[in-house]
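This is final23.txt. It holds compact mmCIF, C-alpha atoms and all ligand atoms.
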```
# COMPACT_ATOMS: atom_id res chain seq x y z
CA MET A 56 94.55 86.93 160.63
CA HIS A 57 92.83 89.84 162.41
CA PRO A 58 89.60 91.07 160.87
CA THR A 59 90.91 93.90 158.78
CA ASP A 60 90.29 96.36 155.97
CA LEU A 61 90.68 95.59 152.29
CA LYS A 62 93.86 97.66 151.80
CA THR A 63 95.70 95.84 154.58
CA LEU A 64 94.47 92.50 153.34
CA GLN A 65 95.55 93.04 149.74
CA ALA A 66 98.91 94.60 150.66
CA SER A 67 99.77 91.82 153.10
CA GLU A 68 98.71 89.08 150.65
CA TYR A 69 100.93 90.71 148.01
CA LEU A 70 103.91 90.70 150.41
CA PHE A 71 103.29 87.17 151.59
CA LYS A 72 103.22 85.85 148.02
CA LYS A 73 106.21 87.95 146.95
CA ILE A 74 108.48 86.67 149.72
CA GLY A 75 107.26 83.11 149.26
CA LEU A 76 107.12 82.26 152.95
CA PRO A 77 105.74 78.83 153.76
CA GLU A 78 102.25 79.13 155.30
CA SER A 79 103.57 77.79 158.63
CA ALA A 80 106.37 80.42 158.78
CA ARG A 81 104.89 83.38 160.63
CA ILE A 82 106.84 86.49 161.44
CA ASN A 83 107.26 86.61 165.21
CA SER A 84 109.02 89.97 165.59
CA SER A 85 109.14 93.03 163.37
CA ILE A 86 111.18 96.20 163.61
CA ILE A 87 110.49 99.71 162.32
CA LEU A 88 113.67 101.73 161.81
CA GLY A 89 113.83 105.44 162.48
CA SER A 90 115.81 108.09 160.60
CA GLY A 91 119.41 107.19 159.85
CA LEU A 92 119.16 103.60 161.09
CA SER A 93 118.68 101.82 157.77
CA ALA A 94 121.96 99.88 157.93
CA VAL A 95 120.54 97.87 160.84
CA THR A 96 119.05 95.46 158.27
CA ALA A 97 122.61 93.99 158.12
CA ILE A 98 121.54 91.85 161.12
CA LEU A 99 119.34 89.75 158.79
CA THR A 100 120.43 86.85 156.63
CA SER A 101 118.64 85.71 153.42
CA LYS A 102 117.33 89.24 152.86
CA GLN A 103 114.57 90.18 150.43
CA GLU A 104 113.78 93.86 149.91
CA ILE A 105 110.38 95.10 148.76
CA PRO A 106 110.11 98.86 148.10
CA PHE A 107 107.02 100.69 149.37
CA GLN A 108 105.99 101.86 145.91
CA SER A 109 105.62 98.28 144.63
CA ILE A 110 103.06 97.41 147.32
CA PRO A 111 99.35 97.99 146.64
CA TYR A 112 98.03 101.22 148.25
CA PHE A 113 101.51 102.30 149.41
CA PRO A 114 102.89 105.79 148.84
CA GLU A 115 106.63 106.38 148.43
CA SER A 116 108.71 107.50 151.40
CA THR A 117 109.77 111.13 150.87
CA VAL A 118 112.16 111.67 153.80
CA PRO A 119 115.98 111.63 153.44
CA GLY A 120 117.37 108.81 155.62
CA HIS A 121 114.19 106.75 155.11
CA PRO A 122 114.62 104.47 152.07
CA GLY A 123 111.04 103.13 152.36
CA GLN A 124 111.06 99.38 152.00
CA PHE A 125 110.10 96.15 153.75
CA VAL A 126 113.11 93.91 154.32
CA PHE A 127 112.38 90.28 155.10
CA GLY A 128 115.04 87.94 156.40
CA LYS A 129 116.13 85.71 159.23
CA ILE A 130 117.91 85.85 162.56
CA ASP A 131 118.90 82.22 163.27
CA ASP A 132 115.78 80.32 162.23
CA GLN A 133 113.28 83.11 163.02
CA TYR A 134 111.65 85.09 160.22
CA ILE A 135 111.86 88.84 160.88
CA CYS A 136 110.51 91.81 158.98
CA ILE A 137 112.28 95.17 159.21
CA ILE A 138 110.69 98.29 157.77
CA GLN A 139 113.41 100.66 156.60
CA GLY A 140 111.68 103.98 156.96
CA ARG A 141 108.12 104.88 157.76
CA LEU A 142 105.25 107.10 156.64
CA HIS A 143 104.82 110.29 158.64
CA TYR A 144 101.81 112.50 159.24
CA TYR A 145 103.93 115.53 158.22
CA GLU A 146 104.36 114.05 154.74
CA GLY A 147 100.66 114.75 154.24
CA HIS A 148 99.39 111.20 154.80
CA ASP A 149 96.26 110.67 156.85
CA MET A 150 96.64 108.62 160.02
CA GLN A 151 95.23 105.48 158.41
CA THR A 152 97.98 105.61 155.77
CA VAL A 153 100.64 106.39 158.42
CA THR A 154 99.64 103.22 160.29
CA LEU A 155 99.09 100.94 157.27
CA PRO A 156 102.59 99.38 157.69
CA VAL A 157 101.72 98.38 161.27
CA ARG A 158 98.45 96.79 160.16
CA ILE A 159 100.34 94.87 157.49
CA LEU A 160 102.89 93.63 160.04
CA ALA A 161 100.01 92.39 162.20
CA ALA A 162 98.43 90.67 159.22
CA LEU A 163 101.78 88.93 158.58
CA GLY A 164 101.63 87.48 162.08
CA THR A 165 103.83 89.88 164.08
CA LYS A 166 103.48 89.37 167.81
CA ASN A 167 106.27 91.71 168.94
CA LEU A 168 106.79 95.10 167.36
CA ILE A 169 110.00 96.99 168.02
CA ILE A 170 109.75 100.65 167.05
CA THR A 171 112.81 102.88 166.85
CA ASN A 172 112.93 106.62 166.28
CA ALA A 173 115.16 109.66 166.37
CA ALA A 174 114.20 112.13 169.09
CA GLY A 175 115.22 115.43 170.60
CA ALA A 176 116.07 115.41 174.32
CA LEU A 177 113.87 117.43 176.66
CA ASN A 178 115.44 115.84 179.72
CA GLU A 179 118.77 117.63 180.20
CA GLU A 180 120.36 114.46 181.60
CA PHE A 181 120.03 112.94 178.13
CA HIS A 182 122.63 113.57 175.42
CA PRO A 183 122.98 113.04 171.67
CA GLY A 184 123.86 109.40 171.03
CA ASP A 185 121.88 108.12 174.07
CA PHE A 186 119.70 105.14 173.69
CA VAL A 187 116.37 105.46 175.58
CA LEU A 188 113.70 102.83 176.19
CA ILE A 189 110.27 104.41 175.93
CA ARG A 190 108.29 103.80 179.12
CA ASP A 191 105.14 105.60 177.93
CA HIS A 192 104.06 108.31 175.52
CA ILE A 193 102.07 111.53 175.40
CA GLY A 194 100.12 111.69 172.15
CA LEU A 195 97.48 114.33 172.77
CA PHE A 196 98.73 116.64 170.02
CA LEU A 197 97.93 114.34 167.10
CA PRO A 198 94.70 112.89 165.71
CA ASN A 199 94.13 109.35 166.98
CA PRO A 200 94.65 106.79 164.17
CA LEU A 201 91.67 104.74 165.37
CA ILE A 202 89.18 107.54 164.72
CA ASP A 203 86.52 106.07 162.43
CA TYR A 204 88.60 102.92 161.81
CA ASN A 205 87.59 100.74 164.73
CA LYS A 206 83.95 101.65 164.29
CA LYS A 207 84.02 99.82 160.97
CA HIS A 208 86.62 97.12 161.37
CA LEU A 209 87.69 95.98 164.76
CA GLU A 210 86.88 95.89 168.45
CA PRO A 211 87.63 97.12 171.09
CA ARG A 212 86.17 100.56 170.54
CA PHE A 213 88.06 102.11 173.47
CA PRO A 214 91.39 100.28 173.76
CA ASP A 215 93.39 100.37 176.98
CA LEU A 216 96.95 101.75 176.72
CA THR A 217 98.12 101.11 180.29
CA ASP A 218 100.88 98.77 179.11
CA ALA A 219 101.34 100.30 175.64
CA TYR A 220 105.12 99.74 175.87
CA SER A 221 105.17 96.21 177.22
CA LYS A 222 106.71 95.92 180.67
CA ARG A 223 107.78 92.36 179.86
CA LEU A 224 109.56 93.41 176.66
CA ARG A 225 111.22 96.33 178.44
CA GLN A 226 112.62 93.94 181.04
CA ILE A 227 113.99 91.68 178.28
CA ALA A 228 115.48 94.78 176.59
CA VAL A 229 117.18 95.88 179.82
CA ASN A 230 118.67 92.40 180.25
CA CYS A 231 119.99 92.42 176.66
CA GLY A 232 121.45 95.91 177.13
CA GLU A 233 123.22 94.81 180.32
CA GLU A 234 124.63 91.76 178.62
CA LEU A 235 126.03 93.92 175.80
CA GLY A 236 127.33 96.61 178.14
CA LEU A 237 125.01 99.19 176.53
CA GLU A 238 123.82 101.96 178.78
CA MET A 239 120.09 102.37 178.36
CA LYS A 240 118.02 105.16 179.83
CA GLU A 241 114.24 105.16 180.17
CA GLY A 242 111.83 107.98 179.43
CA ILE A 243 108.50 109.37 178.24
CA TYR A 244 108.20 110.21 174.54
CA VAL A 245 105.94 113.01 173.37
CA GLY A 246 104.73 112.84 169.79
CA VAL A 247 104.23 116.00 167.71
CA SER A 248 103.32 116.41 164.07
CA GLY A 249 106.39 118.26 162.75
CA PRO A 250 107.81 118.98 160.27
CA SER A 251 109.02 122.18 161.94
CA TYR A 252 111.00 121.57 165.09
CA GLU A 253 109.55 122.98 168.31
CA THR A 254 110.03 126.51 169.53
CA PRO A 255 111.92 126.93 172.83
CA SER A 256 108.58 127.83 174.50
CA GLU A 257 106.98 124.64 173.20
CA VAL A 258 109.98 122.71 174.50
CA ALA A 259 109.43 124.27 177.95
CA LEU A 260 105.74 123.27 177.79
CA LEU A 261 106.53 119.68 176.76
CA LYS A 262 109.08 119.39 179.59
CA SER A 263 106.52 120.65 182.08
CA LEU A 264 104.14 117.89 180.92
CA GLY A 265 106.68 115.31 182.09
CA ALA A 266 108.10 114.24 178.72
CA ASP A 267 111.79 113.33 178.36
CA MET A 268 112.09 113.36 174.56
CA VAL A 269 110.15 114.61 171.56
CA GLY A 270 109.70 113.22 168.07
CA MET A 271 107.49 113.16 164.99
CA SER A 272 106.51 109.48 164.80
CA THR A 273 105.82 106.37 166.88
CA VAL A 274 102.66 107.40 168.78
CA PRO A 275 100.14 106.47 166.03
CA GLU A 276 102.01 103.24 165.30
CA VAL A 277 101.98 102.18 168.96
CA ILE A 278 98.26 102.95 169.34
CA VAL A 279 97.40 100.78 166.33
CA ALA A 280 99.81 98.01 167.37
CA ASN A 281 98.18 97.85 170.81
CA HIS A 282 94.74 97.81 169.27
CA LEU A 283 95.90 94.81 167.26
CA SER A 284 97.20 93.11 170.45
CA MET A 285 100.87 93.32 169.51
CA ASN A 286 103.48 93.69 172.26
CA CYS A 287 105.39 96.91 171.65
CA LEU A 288 108.84 98.05 172.53
CA GLY A 289 109.94 101.61 171.72
CA ILE A 290 113.50 102.88 171.51
CA SER A 291 114.51 106.49 170.95
CA VAL A 292 117.94 107.47 169.73
CA ILE A 293 118.63 110.94 171.07
CA THR A 294 119.98 112.89 168.11
CA ASN A 295 119.94 116.44 169.52
CA MET A 296 118.98 118.53 172.51
CA ALA A 297 115.53 120.00 171.80
CA ALA A 298 115.28 123.63 170.63
CA GLY A 299 116.57 126.16 173.14
CA LEU A 300 118.45 123.56 175.22
CA SER A 301 121.66 123.96 173.26
CA GLN A 302 123.19 126.74 171.21
CA SER A 303 123.14 125.00 167.86
CA PRO A 304 120.26 125.31 165.38
CA LEU A 305 118.51 122.03 164.49
CA HIS A 306 119.04 120.27 161.16
CA HIS A 307 117.83 116.95 159.80
CA GLU A 308 121.46 116.26 158.72
CA GLU A 309 122.52 116.38 162.38
CA VAL A 310 119.78 113.88 163.24
CA LEU A 311 121.06 111.54 160.50
CA THR A 312 124.72 111.91 161.50
CA VAL A 313 124.08 111.01 165.14
CA SER A 314 121.82 108.03 164.41
CA ASN A 315 124.16 106.78 161.66
CA LYS A 316 126.95 106.61 164.25
CA ILE A 317 125.11 104.26 166.57
CA GLN A 318 123.68 101.86 164.02
CA LYS A 319 126.18 99.11 164.89
CA PRO A 320 125.43 98.91 168.64
CA ILE A 321 121.70 99.22 167.98
CA GLY A 322 121.96 96.40 165.45
CA ARG A 323 123.74 94.15 167.96
CA PHE A 324 121.12 94.99 170.56
CA LEU A 325 118.19 94.30 168.21
CA ARG A 326 119.64 90.97 167.13
CA MET A 327 120.01 89.84 170.75
CA LEU A 328 116.53 91.15 171.58
CA CYS A 329 114.90 89.22 168.70
CA ARG A 330 116.68 86.06 169.80
CA ASN A 331 115.14 86.48 173.26
CA LEU A 332 111.56 87.16 172.14
N1 LIG A 401 112.02 117.47 167.74
C1 LIG A 401 111.14 116.71 167.10
N2 LIG A 401 111.47 115.61 166.43
C2 LIG A 401 112.77 115.27 166.40
C3 LIG A 401 113.75 116.03 167.06
C4 LIG A 401 113.35 117.19 167.75
O1 LIG A 401 114.17 117.93 168.36
N3 LIG A 401 114.94 115.41 166.83
C5 LIG A 401 114.68 114.31 166.06
N4 LIG A 401 113.36 114.22 165.81
```
Now that the file is in, can you turn its structure into structure tokens?
Ligand code: HPA
Amino acid sequence: MHPTDLKTLQASEYLFKKIGLPESARINSSIILGSGLSAVTAILTSKQEIPFQSIPYFPESTVPGHPGQFVFGKIDDQYICIIQGRLHYYEGHDMQTVTLPVRILAALGTKNLIITNAAGALNEEFHPGDFVLIRDHIGLFLPNPLIDYNKKHLEPRFPDLTDAYSKRLRQIAVNCGEELGLEMKEGIYVGVSGPSYETPSEVALLKSLGADMVGMSTVPEVIVANHLSMNCLGISVITNMAAGLSQSPLHHEEVLTVSNKIQKPIGRFLRMLCRNL
């Protein structure tokens, strides 16, 4: 186990005991599901569900479309953990709470972390329903989740993020997508705090920075996962054109409707991906 803080240690020990995994059975790959993707847990067999609020130090999830639970299960003979929902900065959590689930996944042995999210398209070649592999992110608008933390708990002090979204995992993902006949785009994700959507002028600024899609999650999780030496893969489901790029006003219900529709292909893709990791 990584040297870690007391909260992570106690929460991960609670989960490990609760699911009754044999000591030798580590979790190789874990998945965090974005808004409206909860049904993807159907890819697991022998499921056990553990709600956030039963875990020491965990707040409840407060976002519609995010049930807020750890789901443990298997794909073939691999143990997999899927987190249905996540904790967001806009819910009022500090960044250490937002990233606690990622620390727990690391403590449970996760080597490969697959992070999914719903995002608004900045790139006008993207459309609602598209499936985009994240090549890199821009996270300058949010506090860094390692502030203060790595001083007390864990080296390195200044982690490198050159390969934050693992090139090797992206290649495996592209191969899986091709095999399933799924068209996958690639792009740069910019993280913002939310919960308000962007103004059209902010959208123009984010586009000019080189970002292809915008969302309210992922960046802190990927920073912490890299600090903990996990290989990360990020996938955005485009749920809407960002503000000002289409006529319609933005609603969370629209985000949920679009991501709900593509849960089945995403599930097939994630199952094949886990089998290849
Ligand atoms: N902006 C920010 N976050 C989002 C969006 C958006 O347009 N769509 C889904 N999450």
Checklist line | Test item: residues lying within 8 Å of ligand LIG 401 (chain A) with all atoms listed in the file, as a ChimeraX atom specification | finding: /A:172-176,246-247,249-253,268-271,293-298,305,307,310
Would you tabulate, counting only C-alpha atoms, all residues of range 64-89 of chain A that have an atom at most 8 Å from an atom of range 105-129 of chain A, showing the closest pair of atoms and their distance in Å to one decimal, sorted by chain then ascending number, as a Markdown table?
```
| residue | atom | partner | partner_atom | distance |
| --- | --- | --- | --- | --- |
| A:Gln65 | CA | A:Pro111 | CA | 7.0 |
| A:Ala66 | CA | A:Pro111 | CA | 5.3 |
| A:Tyr69 | CA | A:Ile110 | CA | 7.1 |
| A:Leu70 | CA | A:Ile110 | CA | 7.4 |
| A:Ile74 | CA | A:Phe127 | CA | 7.6 |
| A:Gly89 | CA | A:His121 | CA | 7.5 |
```
Can those selected residues be exported to a file as a tab-separated table (two decimals), keeping the file's coordinate frame so that it contains C-alpha atoms?
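Output file result.tsv is given in full below:
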```tsv
chain	number	residue	atom	x	y	z
A	65	GLN	CA	95.55	93.04	149.74
A	66	ALA	CA	98.91	94.60	150.66
A	69	TYR	CA	100.93	90.71	148.01
A	70	LEU	CA	103.91	90.70	150.41
A	74	ILE	CA	108.48	86.67	149.72
A	89	GLY	CA	113.83	105.44	162.48
```
Notebook entry, point to check: Which value, in Å to one decimal, gives the distance between CA of Arg330 in chain A and CA of Glu234 in chain A?
Noted result: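 Between CA of Arg330 in chain A and CA of Glu234 in chain A the gap is 13.2 Å.
Here the selection is built from only C-alpha atoms, and the residues within 9 Å of (95.3, 98.1, 177.6) turn out to be Pro214, Asp215, Leu216, Thr217, Asp218, Ala219, Asn281, His282 and Ser284 of chain A.
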Check: Which is closest to Pro275 in chain A among A:Gly140, A:Pro183, A:Gly299, A:Gly194, if we use all atoms listed in the file?
Finding: A:Gly194
Could you give me the centre and size, in Å to one decimal, of an axis-aligned box around all listed atoms of range 123-137 of chain A with 8 Å added on every side, as lines of an AutoDock Vina configuration file?
```
center_x = 114.5
center_y = 91.7
center_z = 157.6
size_x = 24.8
size_y = 38.8
size_z = 27.3
```
Margin query: Measuring between all atoms listed in the file, which one of A:Pro255, A:Gly232, A:Gly75, A:Gly289 shows the shortest distance to Arg326 in chain A?
Written below: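 Looking at the shortest contact to Arg326 in chain A, the residue is A:Gly232.
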Checklist line | Non-local contacts of Gly184 in chain A (8 Å; all atoms listed in the file; under 4 positions in same chain excluded) as a list in words | finding: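 The residues that qualify are Val292, Ile293, Thr294, Val313, Ser314, Lys316 and Ile317 of chain A.
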Margin query: My list of candidates is A:Cys136, A:Ala259, A:Val229, A:Leu88. Which is closest to Ser101 in chain A when distances are computed with only C-alpha atoms?
Written below: A:Cys136
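Coordinates place CA of Gly91 in chain A at a distance of 24.8 Å from CA of Leu332 in chain A.
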Note to self: Taking only C-alpha atoms into account, name the residue in A:Asn199, A:Asn178, A:Asn230, A:Thr100 that is nearest to Asn331 in chain A.
What the structure shows: A:Asn230
Checklist line | Given all atoms listed in the file as the counted atoms, nearest of A:Pro320, A:Gly164, A:Gly147, A:Pro304 to Ile82 in chain A | finding: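 For Ile82 in chain A, the nearest of the candidates is A:Gly164.
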Note to self: Taking all atoms listed in the file into account, name the residue in A:Gly242, A:Pro77, A:Gly236, A:Gly322 that is nearest to Glu179 in chain A.
What the structure shows: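 Once distances to Glu179 in chain A are computed over all atoms listed in the file, the minimum belongs to A:Gly242.
We find CA of Arg323 in chain A and CA of Leu142 in chain A to be spaced 25.3 Å apart.
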Margin query: I want to know what sits within 10 Å of Ser84 in chain A, based on all atoms listed in the file, with residues of the same chain fewer than 5 positions away left out; could you give that as a ChimeraX atom specification?
Written below: /A:133-137,160-161,164-169,285-287,328-330,332
Go ahead and write the selection's residues with C-alpha atoms as a CSV table (one decimal), keeping the file's coordinate frame.
```csv
chain,number,residue,atom,x,y,z
A,133,GLN,CA,113.3,83.1,163.0
A,134,TYR,CA,111.6,85.1,160.2
A,135,ILE,CA,111.9,88.8,160.9
A,136,CYS,CA,110.5,91.8,159.0
A,137,ILE,CA,112.3,95.2,159.2
A,160,LEU,CA,102.9,93.6,160.0
A,161,ALA,CA,100.0,92.4,162.2
A,164,GLY,CA,101.6,87.5,162.1
A,165,THR,CA,103.8,89.9,164.1
A,166,LYS,CA,103.5,89.4,167.8
A,167,ASN,CA,106.3,91.7,168.9
A,168,LEU,CA,106.8,95.1,167.4
A,169,ILE,CA,110.0,97.0,168.0
A,285,MET,CA,100.9,93.3,169.5
A,286,ASN,CA,103.5,93.7,172.3
A,287,CYS,CA,105.4,96.9,171.6
A,328,LEU,CA,116.5,91.2,171.6
A,329,CYS,CA,114.9,89.2,168.7
A,330,ARG,CA,116.7,86.1,169.8
A,332,LEU,CA,111.6,87.2,172.1
```
Checklist line | Contact residues around His143 in chain A with all atoms listed in the file at 9 Å, ignoring same-chain residues under 5 positions, as a list in words | finding: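 Answer for this query is Ser116, Val118, His148, Asp149, Met150, Thr152, Val153, Thr154, Ser248, Met271 and Ser272 of chain A.
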Please rebuild range 296-325 of chain A with N, CA and C atoms and give the result as a tab-separated table (two decimals), keeping the file's coordinate frame.
```
chain	number	residue	atom	x	y	z
A	296	MET	N	119.72	117.92	171.41
A	296	MET	CA	118.98	118.53	172.51
A	296	MET	C	117.85	119.33	171.84
A	297	ALA	N	116.65	119.30	172.43
A	297	ALA	CA	115.53	120.00	171.80
A	297	ALA	C	115.80	121.51	171.76
A	298	ALA	N	115.03	122.20	170.92
A	298	ALA	CA	115.28	123.63	170.63
A	298	ALA	C	115.38	124.44	171.93
A	299	GLY	N	116.39	125.29	171.97
A	299	GLY	CA	116.57	126.16	173.14
A	299	GLY	C	117.40	125.54	174.24
A	300	LEU	N	117.66	124.21	174.17
A	300	LEU	CA	118.45	123.56	175.22
A	300	LEU	C	119.92	123.47	174.84
A	301	SER	N	120.24	123.84	173.61
A	301	SER	CA	121.66	123.96	173.26
A	301	SER	C	121.77	125.15	172.31
A	302	GLN	N	122.99	125.54	172.03
A	302	GLN	CA	123.19	126.74	171.21
A	302	GLN	C	122.92	126.50	169.73
A	303	SER	N	123.12	125.22	169.31
A	303	SER	CA	123.14	125.00	167.86
A	303	SER	C	121.73	124.90	167.26
A	304	PRO	N	121.54	125.47	166.06
A	304	PRO	CA	120.26	125.31	165.38
A	304	PRO	C	120.06	123.85	164.95
A	305	LEU	N	118.79	123.44	164.80
A	305	LEU	CA	118.51	122.03	164.49
A	305	LEU	C	118.44	121.79	162.98
A	306	HIS	N	119.06	120.65	162.57
A	306	HIS	CA	119.04	120.27	161.16
A	306	HIS	C	118.78	118.78	161.06
A	307	HIS	N	118.06	118.38	160.01
A	307	HIS	CA	117.83	116.95	159.80
A	307	HIS	C	119.17	116.22	159.59
A	308	GLU	N	120.16	116.90	158.97
A	308	GLU	CA	121.46	116.26	158.72
A	308	GLU	C	122.12	115.85	160.04
A	309	GLU	N	121.94	116.69	161.07
A	309	GLU	CA	122.52	116.38	162.38
A	309	GLU	C	121.85	115.12	162.95
A	310	VAL	N	120.54	115.05	162.78
A	310	VAL	CA	119.78	113.88	163.24
A	310	VAL	C	120.34	112.62	162.57
A	311	LEU	N	120.56	112.71	161.25
A	311	LEU	CA	121.06	111.54	160.50
A	311	LEU	C	122.47	111.17	160.94
A	312	THR	N	123.33	112.19	161.12
A	312	THR	CA	124.72	111.91	161.50
A	312	THR	C	124.77	111.17	162.83
A	313	VAL	N	124.01	111.65	163.82
A	313	VAL	CA	124.08	111.01	165.14
A	313	VAL	C	123.52	109.59	165.08
A	314	SER	N	122.37	109.40	164.41
A	314	SER	CA	121.82	108.03	164.41
A	314	SER	C	122.67	107.09	163.55
A	315	ASN	N	123.26	107.62	162.46
A	315	ASN	CA	124.16	106.78	161.66
A	315	ASN	C	125.28	106.20	162.52
A	316	LYS	N	125.79	107.02	163.45
A	316	LYS	CA	126.95	106.61	164.25
A	316	LYS	C	126.63	105.45	165.17
A	317	ILE	N	125.36	105.32	165.59
A	317	ILE	CA	125.11	104.26	166.57
A	317	ILE	C	124.36	103.07	165.99
A	318	GLN	N	124.40	102.97	164.65
A	318	GLN	CA	123.68	101.86	164.02
A	318	GLN	C	124.24	100.50	164.44
A	319	LYS	N	125.57	100.43	164.59
A	319	LYS	CA	126.18	99.11	164.89
A	319	LYS	C	125.74	98.60	166.26
A	320	PRO	N	125.91	99.43	167.35
A	320	PRO	CA	125.43	98.91	168.64
A	320	PRO	C	123.94	98.64	168.67
A	321	ILE	N	123.16	99.47	168.00
A	321	ILE	CA	121.70	99.22	167.98
A	321	ILE	C	121.41	97.90	167.28
A	322	GLY	N	122.14	97.65	166.19
A	322	GLY	CA	121.96	96.40	165.45
A	322	GLY	C	122.26	95.20	166.34
A	323	ARG	N	123.38	95.28	167.07
A	323	ARG	CA	123.74	94.15	167.96
A	323	ARG	C	122.65	93.94	169.00
A	324	PHE	N	122.17	95.06	169.53
A	324	PHE	CA	121.12	94.99	170.56
A	324	PHE	C	119.84	94.36	169.99
A	325	LEU	N	119.44	94.81	168.79
A	325	LEU	CA	118.19	94.30	168.21
A	325	LEU	C	118.29	92.82	167.87
```
